[in-house]
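**Q** What follows is structure-v2.csv, made up of CSV, C-alpha atoms and all ligand atoms:
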chain,number,residue,atom,x,y,z
A,23,MET,CA,5.6,-2.4,16.1
A,24,ALA,CA,2.6,-3.0,14.0
A,25,GLY,CA,0.1,-1.4,11.7
A,26,PHE,CA,-3.6,-1.6,12.4
A,27,THR,CA,-6.9,-1.3,10.6
A,28,ILE,CA,-9.7,0.6,12.2
A,29,PRO,CA,-13.3,1.2,11.1
A,30,PHE,CA,-14.6,4.5,10.1
A,31,PHE,CA,-15.8,5.9,13.4
A,32,SER,CA,-12.8,4.8,15.3
A,33,ALA,CA,-10.7,6.4,12.5
A,34,ALA,CA,-12.5,9.7,12.9
A,35,ARG,CA,-12.0,9.4,16.7
A,36,TYR,CA,-8.3,8.4,16.3
A,37,LEU,CA,-7.6,11.4,14.0
A,38,SER,CA,-9.4,13.9,16.2
A,39,ARG,CA,-7.8,12.6,19.3
A,40,ASN,CA,-4.4,12.7,17.8
A,41,VAL,CA,-4.5,16.0,16.0
A,42,SER,CA,-1.9,17.5,18.3
A,43,LEU,CA,0.5,14.8,17.2
A,44,PHE,CA,0.5,16.2,13.8
A,45,MET,CA,2.1,19.4,15.0
A,46,PRO,CA,5.8,19.8,14.1
A,47,SER,CA,6.7,20.2,17.7
A,48,ALA,CA,5.5,16.6,18.4
A,49,SER,CA,7.7,15.1,15.6
A,50,ALA,CA,9.7,13.0,18.0
A,51,ALA,CA,6.5,11.1,18.8
A,52,PHE,CA,5.9,10.2,15.2
A,53,CYS,CA,8.5,7.5,14.9
A,54,LEU,CA,6.7,5.7,17.7
A,55,LEU,CA,3.5,5.6,15.8
A,56,PRO,CA,2.5,2.5,13.8
A,57,PRO,CA,1.6,2.8,10.2
A,58,LEU,CA,-2.1,3.4,10.0
A,59,ALA,CA,-4.3,1.6,7.6
A,60,LEU,CA,-7.4,3.7,7.6
A,61,ASN,CA,-10.7,2.5,6.3
A,62,ALA,CA,-13.3,5.2,5.6
A,63,THR,CA,-16.6,4.8,4.0
A,64,THR,CA,-17.3,7.8,1.8
A,65,ALA,CA,-21.0,7.0,1.7
A,66,SER,CA,-21.2,7.6,5.4
A,67,ARG,CA,-22.8,10.8,6.8
A,68,ASN,CA,-19.6,12.2,8.1
A,69,SER,CA,-17.6,11.4,5.1
A,70,SER,CA,-16.9,14.9,3.9
A,71,SER,CA,-15.6,16.0,7.2
A,72,LEU,CA,-13.4,12.9,7.5
A,73,ARG,CA,-12.2,13.3,4.0
A,74,ALA,CA,-11.4,17.0,4.6
A,75,MET,CA,-9.4,15.9,7.7
A,76,ILE,CA,-7.5,13.3,5.8
A,77,THR,CA,-6.7,15.5,2.9
A,78,SER,CA,-5.4,18.2,5.2
A,79,PHE,CA,-3.1,15.7,6.8
A,80,VAL,CA,-1.6,14.0,3.8
A,81,GLY,CA,1.5,15.5,2.3
A,82,GLU,CA,1.4,14.2,-1.3
A,83,ARG,CA,-0.9,15.7,-3.9
A,84,LYS,CA,-1.4,12.2,-5.4
A,85,SER,CA,-3.1,11.2,-2.2
A,86,VAL,CA,-5.2,14.4,-2.0
A,87,ASP,CA,-6.5,13.9,-5.6
A,88,LEU,CA,-7.4,10.3,-4.9
A,89,ALA,CA,-9.2,11.2,-1.7
A,90,ALA,CA,-11.2,13.8,-3.6
A,91,LYS,CA,-11.9,11.2,-6.2
A,92,GLY,CA,-13.4,8.8,-3.7
A,93,CYS,CA,-16.9,8.5,-5.1
A,94,ARG,CA,-20.1,7.6,-3.4
A,95,GLY,CA,-20.6,4.0,-2.7
A,96,PHE,CA,-16.9,3.3,-2.7
A,97,ARG,CA,-14.7,2.7,0.2
A,98,LEU,CA,-11.8,5.1,0.5
A,99,ARG,CA,-8.8,3.6,2.1
A,100,ILE,CA,-5.6,5.2,2.8
A,101,VAL,CA,-2.4,3.6,4.2
A,102,VAL,CA,-0.3,6.1,6.0
A,103,LEU,CA,3.3,5.4,5.3
A,104,ARG,CA,5.2,8.1,7.2
A,105,PHE,CA,4.8,10.6,9.9
A,106,SER,CA,7.4,13.3,9.6
A,107,ARG,CA,7.7,17.1,9.9
A,108,GLY,CA,4.2,17.2,11.2
A,109,ARG,CA,2.7,15.6,8.2
A,110,ILE,CA,1.4,12.2,7.3
A,111,THR,CA,2.5,10.7,4.0
A,112,ALA,CA,-0.4,8.5,2.9
A,113,MET,CA,-0.7,6.0,0.2
A,114,PRO,CA,-4.2,5.6,-1.2
A,115,VAL,CA,-5.6,2.1,-1.2
A,116,ALA,CA,-8.7,3.0,-3.2
A,117,ASN,CA,-11.8,1.9,-4.9
A,118,LEU,CA,-12.9,-1.3,-3.1
A,119,PRO,CA,-16.6,-1.4,-4.1
A,120,LEU,CA,-18.6,-0.8,-0.9
A,121,HIS,CA,-20.6,-4.0,-1.0
A,122,ILE,CA,-17.4,-6.1,-1.3
A,123,ALA,CA,-15.8,-4.1,1.5
A,124,ALA,CA,-18.9,-4.7,3.6
A,125,LYS,CA,-18.8,-8.4,2.9
A,126,TYR,CA,-15.2,-8.7,3.9
A,127,SER,CA,-15.8,-6.7,7.0
A,128,LEU,CA,-18.7,-9.1,7.9
A,129,ASP,CA,-16.6,-12.2,7.0
A,130,HIS,CA,-13.8,-10.8,9.3
A,131,ARG,CA,-16.1,-10.3,12.2
A,132,ARG,CA,-17.5,-13.9,11.8
A,133,PHE,CA,-14.0,-15.3,11.5
A,134,ILE,CA,-12.9,-13.6,14.7
A,135,ALA,CA,-16.1,-14.7,16.5
A,136,ARG,CA,-15.2,-18.3,15.6
A,137,ASN,CA,-11.5,-17.9,16.4
A,138,PRO,CA,-11.3,-15.5,19.3
A,139,LYS,CA,-7.7,-16.6,20.0
A,140,LEU,CA,-6.7,-15.0,16.6
A,141,ALA,CA,-8.3,-11.6,17.5
A,142,GLU,CA,-5.1,-9.8,18.5
A,143,PRO,CA,-4.1,-7.9,15.4
A,144,THR,CA,-0.5,-8.4,14.4
A,145,ALA,CA,-1.1,-9.4,10.7
A,146,TYR,CA,-2.8,-7.0,8.4
A,147,CYS,CA,-4.3,-7.7,5.0
A,148,PRO,CA,-4.4,-4.5,2.8
A,149,CYS,CA,-6.6,-6.3,0.3
A,150,CYS,CA,-9.6,-6.9,2.4
A,151,GLY,CA,-8.8,-4.7,5.5
A,152,SER,CA,-8.8,-7.7,7.9
A,153,SER,CA,-6.4,-8.2,10.8
A,154,PHE,CA,-5.6,-11.2,12.9
A,155,LYS,CA,-2.9,-12.7,15.1
A,156,GLU,CA,-1.3,-14.8,12.4
A,157,TRP,CA,-1.8,-15.8,8.8
A,158,ARG,CA,-3.3,-19.0,7.7
A,159,PRO,CA,-1.1,-21.9,6.6
A,160,VAL,CA,-1.0,-22.0,2.8
A,161,PHE,CA,-3.0,-25.1,1.6
A,162,GLY,CA,-3.6,-25.9,5.2
A,163,ARG,CA,0.0,-27.0,5.9
A,164,GLY,CA,2.6,-24.7,4.3
A,165,ARG,CA,4.1,-21.4,5.4
A,166,LYS,CA,1.7,-19.1,7.3
A,167,ALA,CA,1.0,-16.5,4.6
A,168,GLU,CA,-2.7,-16.7,3.6
A,169,CYS,CA,-5.4,-14.2,4.6
A,170,HIS,CA,-8.2,-15.9,6.5
A,171,VAL,CA,-10.8,-13.7,4.8
A,172,CYS,CA,-9.8,-12.9,1.2
A,173,HIS,CA,-7.3,-15.7,0.8
A,174,SER,CA,-4.5,-13.5,-0.5
A,175,PHE,CA,-0.9,-14.6,-0.4
A,176,GLU,CA,2.2,-12.4,-0.2
A,177,ARG,CA,2.4,-11.6,-3.9
A,178,HIS,CA,-1.3,-10.7,-4.1
A,179,ARG,CA,-0.9,-8.2,-1.3
A,180,HIS,CA,2.2,-6.7,-2.9
A,181,ILE,CA,0.5,-6.2,-6.3
A,182,TRP,CA,-2.7,-4.9,-4.7
A,183,LEU,CA,-0.8,-2.1,-2.9
A,184,THR,CA,1.0,-1.3,-6.1
A,185,ILE,CA,-2.0,-1.1,-8.4
A,186,ASP,CA,-3.9,0.9,-5.8
A,187,ALA,CA,-1.0,3.4,-5.9
A,188,ASP,CA,-1.3,3.6,-9.7
A,189,ARG,CA,-3.7,6.5,-10.0
A,190,ASP,CA,-4.8,5.6,-13.5
A,191,PHE,CA,-5.5,2.0,-12.8
A,192,PHE,CA,-9.1,2.6,-11.8
A,193,SER,CA,-9.8,5.5,-14.2
A,194,LYS,CA,-13.2,5.4,-15.8
A,195,GLY,CA,-13.2,3.2,-18.9
A,196,SER,CA,-9.8,1.8,-18.2
A,197,LYS,CA,-9.3,-1.5,-20.0
A,198,LEU,CA,-7.7,-4.3,-18.0
A,199,LEU,CA,-6.4,-7.6,-19.3
A,200,HIS,CA,-5.9,-10.1,-16.6
A,201,PHE,CA,-4.3,-13.5,-17.0
A,202,ALA,CA,-5.0,-16.4,-14.6
A,203,PRO,CA,-7.2,-14.2,-12.4
A,204,GLU,CA,-7.1,-14.9,-8.7
A,205,PRO,CA,-10.6,-15.0,-7.1
A,206,PHE,CA,-10.0,-11.9,-4.9
A,207,PHE,CA,-8.9,-9.8,-7.9
A,208,LYS,CA,-11.5,-11.2,-10.2
A,209,ASN,CA,-14.2,-10.2,-7.7
A,210,VAL,CA,-12.9,-6.7,-7.1
A,211,PHE,CA,-12.0,-5.8,-10.7
A,212,GLY,CA,-15.1,-7.5,-12.2
A,213,GLN,CA,-17.5,-5.5,-10.0
A,214,ASN,CA,-15.7,-2.2,-10.4
A,215,PRO,CA,-17.9,-0.2,-12.8
A,216,ASN,CA,-14.9,2.0,-13.8
A,217,LEU,CA,-13.0,-1.0,-15.3
A,218,ASP,CA,-13.6,-2.7,-18.6
A,219,TYR,CA,-12.3,-6.0,-17.4
A,220,PHE,CA,-11.1,-9.0,-19.5
A,221,ASP,CA,-10.3,-12.0,-17.3
A,222,CYS,CA,-8.5,-14.7,-19.3
A,223,ASP,CA,-7.2,-18.2,-18.7
A,224,LEU,CA,-6.4,-21.2,-20.7
A,225,ALA,CA,-9.0,-23.1,-18.7
A,226,LYS,CA,-12.5,-22.2,-19.7
A,227,GLU,CA,-13.9,-22.7,-16.2
A,228,ARG,CA,-11.6,-20.2,-14.6
A,229,ALA,CA,-12.3,-17.1,-16.6
A,230,THR,CA,-14.7,-15.4,-18.9
A,231,TYR,CA,-12.2,-15.5,-21.9
A,232,GLN,CA,-10.3,-18.6,-22.9
A,233,VAL,CA,-7.1,-17.2,-24.0
A,234,ASP,CA,-3.6,-18.4,-24.9
A,235,ILE,CA,-1.1,-15.7,-23.9
A,236,THR,CA,1.0,-16.5,-27.0
A,237,ALA,CA,-1.9,-15.7,-29.3
A,238,ILE,CA,-4.0,-13.1,-27.6
A,239,PRO,CA,-7.3,-12.7,-29.6
A,240,PHE,CA,-7.5,-8.9,-29.2
A,241,GLY,CA,-6.4,-6.0,-31.4
A,242,ASP,CA,-3.3,-3.9,-31.0
A,243,GLU,CA,-3.1,-1.2,-28.4
A,244,LYS,CA,-6.4,-2.0,-26.8
A,245,PHE,CA,-5.5,-2.2,-23.1
A,246,ASP,CA,-4.4,0.3,-20.5
A,247,ARG,CA,-3.2,-2.3,-18.0
A,248,VAL,CA,-2.2,-6.0,-18.1
A,249,ILE,CA,-1.7,-8.2,-15.0
A,250,CYS,CA,0.1,-11.4,-15.5
A,251,SER,CA,1.2,-13.1,-12.3
A,252,HIS,CA,2.8,-16.5,-12.1
A,253,VAL,CA,1.9,-17.4,-15.7
A,254,LEU,CA,5.1,-17.1,-17.9
A,255,GLU,CA,7.0,-19.8,-16.0
A,256,HIS,CA,4.4,-22.2,-17.3
A,257,VAL,CA,4.6,-21.0,-21.0
A,258,PRO,CA,7.1,-22.7,-23.3
A,259,ASP,CA,7.3,-19.8,-25.7
A,260,ASP,CA,7.4,-17.1,-23.0
A,261,ARG,CA,9.0,-14.5,-25.4
A,262,LYS,CA,5.9,-14.7,-27.7
A,263,GLY,CA,3.7,-14.2,-24.6
A,264,MET,CA,5.7,-11.1,-23.6
A,265,SER,CA,5.5,-9.6,-27.2
A,266,GLU,CA,1.8,-10.3,-27.3
A,267,MET,CA,1.3,-8.4,-24.1
A,268,PHE,CA,3.4,-5.6,-25.6
A,269,ARG,CA,1.3,-5.6,-28.7
A,270,VAL,CA,-2.1,-5.3,-27.0
A,271,LEU,CA,-1.0,-2.6,-24.6
A,272,LYS,CA,-1.7,1.1,-25.5
A,273,PRO,CA,1.4,3.3,-25.7
A,274,GLY,CA,2.0,4.5,-22.1
A,275,GLY,CA,0.3,1.3,-20.8
A,276,ILE,CA,1.7,-0.9,-18.0
A,277,ALA,CA,1.9,-4.6,-17.6
A,278,TYR,CA,2.4,-5.8,-14.0
A,279,VAL,CA,4.3,-9.1,-14.3
A,280,MET,CA,5.3,-11.5,-11.6
A,281,VAL,CA,7.2,-14.8,-11.9
A,282,PRO,CA,9.3,-16.8,-9.5
A,283,SER,CA,12.8,-15.7,-10.2
A,284,GLU,CA,16.2,-16.1,-8.7
A,285,VAL,CA,19.5,-14.3,-8.7
A,286,ARG,CA,21.4,-16.7,-11.0
A,287,ALA,CA,23.7,-16.3,-14.0
A,288,ALA,CA,21.3,-17.7,-16.6
A,289,THR,CA,17.7,-18.9,-16.8
A,290,TYR,CA,17.6,-22.7,-16.3
A,291,GLU,CA,15.6,-24.3,-19.0
A,292,ASP,CA,16.0,-27.4,-21.2
A,293,PRO,CA,13.5,-28.8,-23.7
A,294,ALA,CA,14.6,-32.3,-22.7
A,295,ILE,CA,13.0,-31.7,-19.3
A,296,ASN,CA,9.6,-32.4,-20.7
A,297,THR,CA,7.6,-34.6,-18.3
A,298,PRO,CA,5.8,-33.6,-15.1
A,299,GLU,CA,8.2,-35.8,-13.1
A,300,LEU,CA,11.3,-34.3,-14.6
A,301,ARG,CA,10.0,-30.7,-14.3
A,302,LEU,CA,9.2,-31.3,-10.6
A,303,LYS,CA,12.7,-32.7,-10.1
A,304,HIS,CA,14.5,-29.9,-12.0
A,305,TYR,CA,12.2,-26.8,-11.6
A,306,GLY,CA,10.5,-27.7,-8.3
A,307,GLN,CA,7.0,-27.8,-9.9
A,308,ALA,CA,5.5,-30.2,-12.3
A,309,THR,CA,4.0,-27.5,-14.5
A,310,HIS,CA,6.9,-25.1,-14.6
A,311,VAL,CA,9.1,-25.0,-17.7
A,312,ARG,CA,12.1,-23.0,-16.4
A,313,ILE,CA,13.6,-21.2,-13.4
A,314,TYR,CA,14.2,-17.6,-14.4
A,315,SER,CA,17.3,-15.7,-13.7
A,316,ARG,CA,16.1,-12.2,-12.6
A,317,ASP,CA,18.4,-10.4,-15.0
A,318,ASP,CA,17.6,-12.6,-17.9
A,319,PHE,CA,13.8,-12.2,-17.3
A,320,VAL,CA,14.3,-8.4,-17.4
A,321,ALA,CA,16.3,-8.8,-20.6
A,322,ARG,CA,13.6,-10.9,-22.3
A,323,LEU,CA,11.0,-8.2,-21.4
A,324,GLN,CA,13.3,-5.5,-22.7
A,325,GLU,CA,13.8,-7.4,-26.0
A,326,CYS,CA,10.0,-7.1,-26.6
A,327,GLY,CA,10.2,-3.3,-26.2
A,328,PHE,CA,9.2,-2.9,-22.5
A,329,VAL,CA,10.9,-0.4,-20.2
A,330,VAL,CA,11.2,-2.5,-17.0
A,331,GLU,CA,11.4,-1.5,-13.4
A,332,VAL,CA,11.9,-4.3,-10.8
A,333,GLN,CA,10.1,-3.4,-7.6
A,334,PHE,CA,11.3,-5.2,-4.5
A,335,PRO,CA,8.8,-5.1,-1.7
A,336,ARG,CA,11.3,-4.3,1.0
A,337,ARG,CA,12.9,-1.5,-0.9
A,338,LYS,CA,9.5,0.0,-1.8
A,339,TYR,CA,7.6,-0.4,1.4
A,340,GLY,CA,10.2,-0.9,4.1
A,341,GLU,CA,10.8,-3.7,6.6
A,342,GLU,CA,7.9,-2.8,8.9
A,343,MET,CA,5.2,-2.7,6.2
A,344,CYS,CA,6.5,-5.9,4.7
A,345,LYS,CA,6.3,-7.6,8.1
A,346,ASP,CA,2.8,-6.2,8.9
A,347,PHE,CA,1.3,-6.9,5.5
A,348,LEU,CA,3.6,-9.9,4.7
A,349,LEU,CA,4.5,-8.8,1.2
A,350,GLY,CA,6.4,-10.9,-1.2
A,351,ASP,CA,7.8,-11.4,-4.7
A,352,ASN,CA,9.2,-8.8,-7.0
A,353,ILE,CA,7.0,-7.1,-9.4
A,354,TYR,CA,8.3,-6.4,-12.9
A,355,ILE,CA,6.6,-3.2,-13.8
A,356,CYS,CA,6.7,-3.1,-17.6
A,357,SER,CA,5.8,0.1,-19.4
A,358,LYS,CA,5.2,0.5,-23.1
A,359,PRO,CA,6.9,3.7,-24.2
A,360,ASP,CA,4.6,6.5,-25.3
A,361,TYR,CA,6.4,7.7,-28.4
A,401,ZN,ZN,-7.4,-10.3,3.1
Represent the structure from my file as structure tokens, please.
**A**
Amino acid sequence: MAGFTIPFFSAARYLSRNVSLFMPSASAAFCLLPPLALNATTASRNSSSLRAMITSFVGERKSVDLAAKGCRGFRLRIVVLRFSRGRITAMPVANLPLHIAAKYSLDHRRFIARNPKLAEPTAYCPCCGSSFKEWRPVFGRGRKAECHVCHSFERHRHIWLTIDADRDFFSKGSKLLHFAPEPFFKNVFGQNPNLDYFDCDLAKERATYQVDITAIPFGDEKFDRVICSHVLEHVPDDRKGMSEMFRVLKPGGIAYVMVPSEVRAATYEDPAINTPELRLKHYGQATHVRIYSRDDFVARLQECGFVVEVQFPRRKYGEEMCKDFLLGDNIYICSKPDY
């Protein structure tokens, strides 16, 4: 059982060949079908007919709207989640600027040409649309989890699917504050003309803005979205960082926060653990300053005013998608109430 990614013309062929499968009478066959990751280029000549086909097949209005929104020069991507009662439920994976999509597509072809043994598709990257037989070992020796083409890890793929399903994320003029930006996201967000993108890091060479999360140099209620992944476990005054994120978000805005966290009674932190050696010994990494308890992390975010939803990849996307896309880490979806 596996998902697969297919290019535009194959997608059109796939859909037209399988139209009969979408009839209710064929519903028994649906459970045998793999989830379909569909890449369609809206700038293509046949885009309107393909889009019409897709929109007639998807069951959720959210998807239909996004499909209609797919503007020229952007790649419209839809991940089909379910086939049931004769309809596809699709999740839009939208707005990859066309030139970036084209680059990843070329990089993928080159990679497979160099590594023909990895051509069989059993691992699928929703970020760049690549597929291969297995993931790359992290840092060349660790667990096999890295995309060969865009270099995403489990947590990046999870957050990418999530923000792509957030229909307001890529709205025109949307202001995005991003801490410790990963190269893939920096590339994609930075070149998206819809986004007003502020990439921040403590280290000047890693981002446009040199920013300390505990003293964010921007005004109140400026941003629509914040992404803060694997940052707070390095920050001594993490509560200040959380309240700063709350302050700069607009009411109704969302912060997507990720940290390594465990199911444990209390967060493990001790100011006496204050050298890289001690931190490595106690927290498992020389730059971490604590190990979060999941419940306590949620409580800290709530203390700052956030409404928190913890999204578990397996619960959200199911075993099969988690296996195909290799998704990992919980996302703490933190909303600033709109009242
Ligand atoms: Zn990738």
**Q** Between A:Phe201, A:Tyr290, A:Trp157, A:Tyr314, which has the minimum distance to ligand ZN 401 (chain A) (counting all atoms listed in the file)?
**A**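 Smallest separation from ligand ZN 401 (chain A) among the options: A:Trp157.
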**Q** With all atoms listed in the file as the counted atoms, please give the residues lying no more than 12 Å from Arg261 in chain A, apart from itself and same-chain residues fewer than 2 positions off, as an mmCIF file with C-alpha atoms, keeping the file's coordinate frame.
**A**
data_model
loop_
_atom_site.group_PDB
_atom_site.id
_atom_site.type_symbol
_atom_site.label_atom_id
_atom_site.label_comp_id
_atom_site.auth_asym_id
_atom_site.auth_seq_id
_atom_site.Cartn_x
_atom_site.Cartn_y
_atom_site.Cartn_z
ATOM 1 C CA ILE A 235 -1.100 -15.700 -23.900
ATOM 2 C CA THR A 236 1.000 -16.500 -27.000
ATOM 3 C CA ALA A 237 -1.900 -15.700 -29.300
ATOM 4 C CA LEU A 254 5.100 -17.100 -17.900
ATOM 5 C CA GLU A 255 7.000 -19.800 -16.000
ATOM 6 C CA VAL A 257 4.600 -21.000 -21.000
ATOM 7 C CA PRO A 258 7.100 -22.700 -23.300
ATOM 8 C CA ASP A 259 7.300 -19.800 -25.700
ATOM 9 C CA GLY A 263 3.700 -14.200 -24.600
ATOM 10 C CA MET A 264 5.700 -11.100 -23.600
ATOM 11 C CA SER A 265 5.500 -9.600 -27.200
ATOM 12 C CA GLU A 266 1.800 -10.300 -27.300
ATOM 13 C CA MET A 267 1.300 -8.400 -24.100
ATOM 14 C CA PHE A 268 3.400 -5.600 -25.600
ATOM 15 C CA ASP A 318 17.600 -12.600 -17.900
ATOM 16 C CA PHE A 319 13.800 -12.200 -17.300
ATOM 17 C CA VAL A 320 14.300 -8.400 -17.400
ATOM 18 C CA ALA A 321 16.300 -8.800 -20.600
ATOM 19 C CA ARG A 322 13.600 -10.900 -22.300
ATOM 20 C CA LEU A 323 11.000 -8.200 -21.400
ATOM 21 C CA GLN A 324 13.300 -5.500 -22.700
ATOM 22 C CA GLU A 325 13.800 -7.400 -26.000
ATOM 23 C CA CYS A 326 10.000 -7.100 -26.600
ATOM 24 C CA GLY A 327 10.200 -3.300 -26.200
ATOM 25 C CA PHE A 328 9.200 -2.900 -22.500
#
**Q** Near His173 in chain A, counting only C-alpha atoms, which residues have an atom at most 10 Å away, once you skip same-chain residues fewer than 2 positions from it, shown as a PyMOL selection string?
**A** chain A and resi 147+149-150+157-158+160+167-171+175+178+204-206
**Q** By how many Å are CA of Phe192 in chain A and CA of Lys272 in chain A apart?
**A**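 Distance reported for this atom pair: 15.6 Å.
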**Q** Can you tell me which residues surround His130 in chain A at a distance of at most 10 Å, considering all atoms listed in the file, apart from same-chain residues fewer than 5 positions away, and format the answer as a list in words?
**A**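 Returned residues: Ala124, Lys125, Ala135, Arg136, Ala141, Cys150, Gly151, Ser152, Ser153, Phe154, His170, Val171 and Cys172 of chain A.
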**Q** Compare A:Leu348, A:Val285, A:Leu300, A:Leu140 by their minimum atom-to-atom distance to ligand ZN 401 (chain A), counting all atoms listed in the file, and give me the closest one.
**A**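 Of A:Leu348, A:Val285, A:Leu300, A:Leu140, the one nearest ligand ZN 401 (chain A) is A:Leu348, counting all atoms listed in the file.
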**Q** Using only C-alpha atoms and all ligand atoms, which of the listed residues (A:Ile134, A:Ile313, A:Ala145, A:Ala187) sits closest to ligand ZN 401 (chain A)?
**A** A:Ala145
**Q** So which residues touch Lys194 in chain A within 9 Å, counting all atoms listed in the file, skipping near sequence neighbours fewer than 6 positions away, as an NGL selection string?
**A** :A and (215-218)
**Q** Just to be explicit: take each residue in the selection above, keep C-alpha atoms, and write the result as a compact mmCIF listing (two decimals), keeping the file's coordinate frame.
**A**
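Saved to part.txt:
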# COMPACT_ATOMS: atom_id res chain seq x y z
CA PRO A 215 -17.90 -0.20 -12.80
CA ASN A 216 -14.90 2.00 -13.80
CA LEU A 217 -13.00 -1.00 -15.30
CA ASP A 218 -13.60 -2.70 -18.60
**Q** Counting all atoms listed in the file, which residue out of A:Ser174, A:Lys139, A:Tyr339, A:Tyr278 sits closest to ligand ZN 401 (chain A)?
**A**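 Of A:Ser174, A:Lys139, A:Tyr339, A:Tyr278, the one nearest ligand ZN 401 (chain A), counting all atoms listed in the file, is A:Ser174.
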**Q** My list of candidates is A:Thr309, A:Ser357, A:Thr230, A:Ser283. Which is closest to Lys208 in chain A when distances are computed with only C-alpha atoms?
**A**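 For Lys208 in chain A, the nearest of the candidates is A:Thr230.
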**Q** Could you check which of A:Ala287, A:Pro148, A:Gln333, A:Arg228 is closest to Leu183 in chain A, using all atoms listed in the file?
**A**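 Going through A:Ala287, A:Pro148, A:Gln333, A:Arg228 one by one, the smallest distance to Leu183 in chain A is for A:Pro148.
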**Q** Can you put N, CA, C and O atoms back into range 343-356 of chain A and show it as a PDB file, keeping the file's coordinate frame?
**A**
ATOM      1  N   MET A 343       6.392  -2.431   7.001  1.00  0.00           N
ATOM      2  CA  MET A 343       5.200  -2.700   6.200  1.00  0.00           C
ATOM      3  C   MET A 343       5.229  -4.125   5.654  1.00  0.00           C
ATOM      4  O   MET A 343       4.213  -4.811   5.583  1.00  0.00           O
ATOM      5  N   CYS A 344       6.421  -4.566   5.250  1.00  0.00           N
ATOM      6  CA  CYS A 344       6.500  -5.900   4.700  1.00  0.00           C
ATOM      7  C   CYS A 344       6.184  -6.939   5.796  1.00  0.00           C
ATOM      8  O   CYS A 344       5.595  -7.980   5.509  1.00  0.00           O
ATOM      9  N   LYS A 345       6.546  -6.635   7.019  1.00  0.00           N
ATOM     10  CA  LYS A 345       6.300  -7.600   8.100  1.00  0.00           C
ATOM     11  C   LYS A 345       4.759  -7.492   8.465  1.00  0.00           C
ATOM     12  O   LYS A 345       4.107  -8.522   8.609  1.00  0.00           O
ATOM     13  N   ASP A 346       4.214  -6.289   8.576  1.00  0.00           N
ATOM     14  CA  ASP A 346       2.800  -6.200   8.900  1.00  0.00           C
ATOM     15  C   ASP A 346       1.880  -6.781   7.889  1.00  0.00           C
ATOM     16  O   ASP A 346       0.923  -7.472   8.202  1.00  0.00           O
ATOM     17  N   PHE A 347       2.171  -6.473   6.618  1.00  0.00           N
ATOM     18  CA  PHE A 347       1.300  -6.900   5.500  1.00  0.00           C
ATOM     19  C   PHE A 347       1.767  -8.235   4.923  1.00  0.00           C
ATOM     20  O   PHE A 347       1.076  -8.811   4.092  1.00  0.00           O
ATOM     21  N   LEU A 348       2.936  -8.683   5.304  1.00  0.00           N
ATOM     22  CA  LEU A 348       3.600  -9.900   4.700  1.00  0.00           C
ATOM     23  C   LEU A 348       3.528  -9.821   3.201  1.00  0.00           C
ATOM     24  O   LEU A 348       2.688 -10.457   2.565  1.00  0.00           O
ATOM     25  N   LEU A 349       4.405  -9.004   2.653  1.00  0.00           N
ATOM     26  CA  LEU A 349       4.500  -8.800   1.200  1.00  0.00           C
ATOM     27  C   LEU A 349       5.564  -9.649   0.618  1.00  0.00           C
ATOM     28  O   LEU A 349       6.597  -9.850   1.264  1.00  0.00           O
ATOM     29  N   GLY A 350       5.374 -10.112  -0.599  1.00  0.00           N
ATOM     30  CA  GLY A 350       6.400 -10.900  -1.200  1.00  0.00           C
ATOM     31  C   GLY A 350       6.474 -10.837  -2.689  1.00  0.00           C
ATOM     32  O   GLY A 350       5.567 -10.314  -3.332  1.00  0.00           O
ATOM     33  N   ASP A 351       7.554 -11.343  -3.276  1.00  0.00           N
ATOM     34  CA  ASP A 351       7.800 -11.400  -4.700  1.00  0.00           C
ATOM     35  C   ASP A 351       8.060 -10.059  -5.338  1.00  0.00           C
ATOM     36  O   ASP A 351       7.421  -9.079  -4.993  1.00  0.00           O
ATOM     37  N   ASN A 352       8.969 -10.037  -6.270  1.00  0.00           N
ATOM     38  CA  ASN A 352       9.200  -8.800  -7.000  1.00  0.00           C
ATOM     39  C   ASN A 352       8.141  -8.601  -8.045  1.00  0.00           C
ATOM     40  O   ASN A 352       7.621  -9.565  -8.591  1.00  0.00           O
ATOM     41  N   ILE A 353       7.863  -7.344  -8.306  1.00  0.00           N
ATOM     42  CA  ILE A 353       7.000  -7.100  -9.400  1.00  0.00           C
ATOM     43  C   ILE A 353       7.808  -6.446 -10.543  1.00  0.00           C
ATOM     44  O   ILE A 353       8.591  -5.520 -10.304  1.00  0.00           O
ATOM     45  N   TYR A 354       7.656  -6.992 -11.727  1.00  0.00           N
ATOM     46  CA  TYR A 354       8.300  -6.400 -12.900  1.00  0.00           C
ATOM     47  C   TYR A 354       7.285  -5.467 -13.526  1.00  0.00           C
ATOM     48  O   TYR A 354       6.274  -5.895 -14.085  1.00  0.00           O
ATOM     49  N   ILE A 355       7.539  -4.175 -13.335  1.00  0.00           N
ATOM     50  CA  ILE A 355       6.600  -3.200 -13.800  1.00  0.00           C
ATOM     51  C   ILE A 355       7.079  -2.797 -15.247  1.00  0.00           C
ATOM     52  O   ILE A 355       8.139  -2.190 -15.441  1.00  0.00           O
ATOM     53  N   CYS A 356       6.302  -3.213 -16.238  1.00  0.00           N
ATOM     54  CA  CYS A 356       6.700  -3.100 -17.600  1.00  0.00           C
ATOM     55  C   CYS A 356       5.913  -2.066 -18.359  1.00  0.00           C
ATOM     56  O   CYS A 356       4.703  -2.230 -18.551  1.00  0.00           O
TER      57      CYS A 356
END
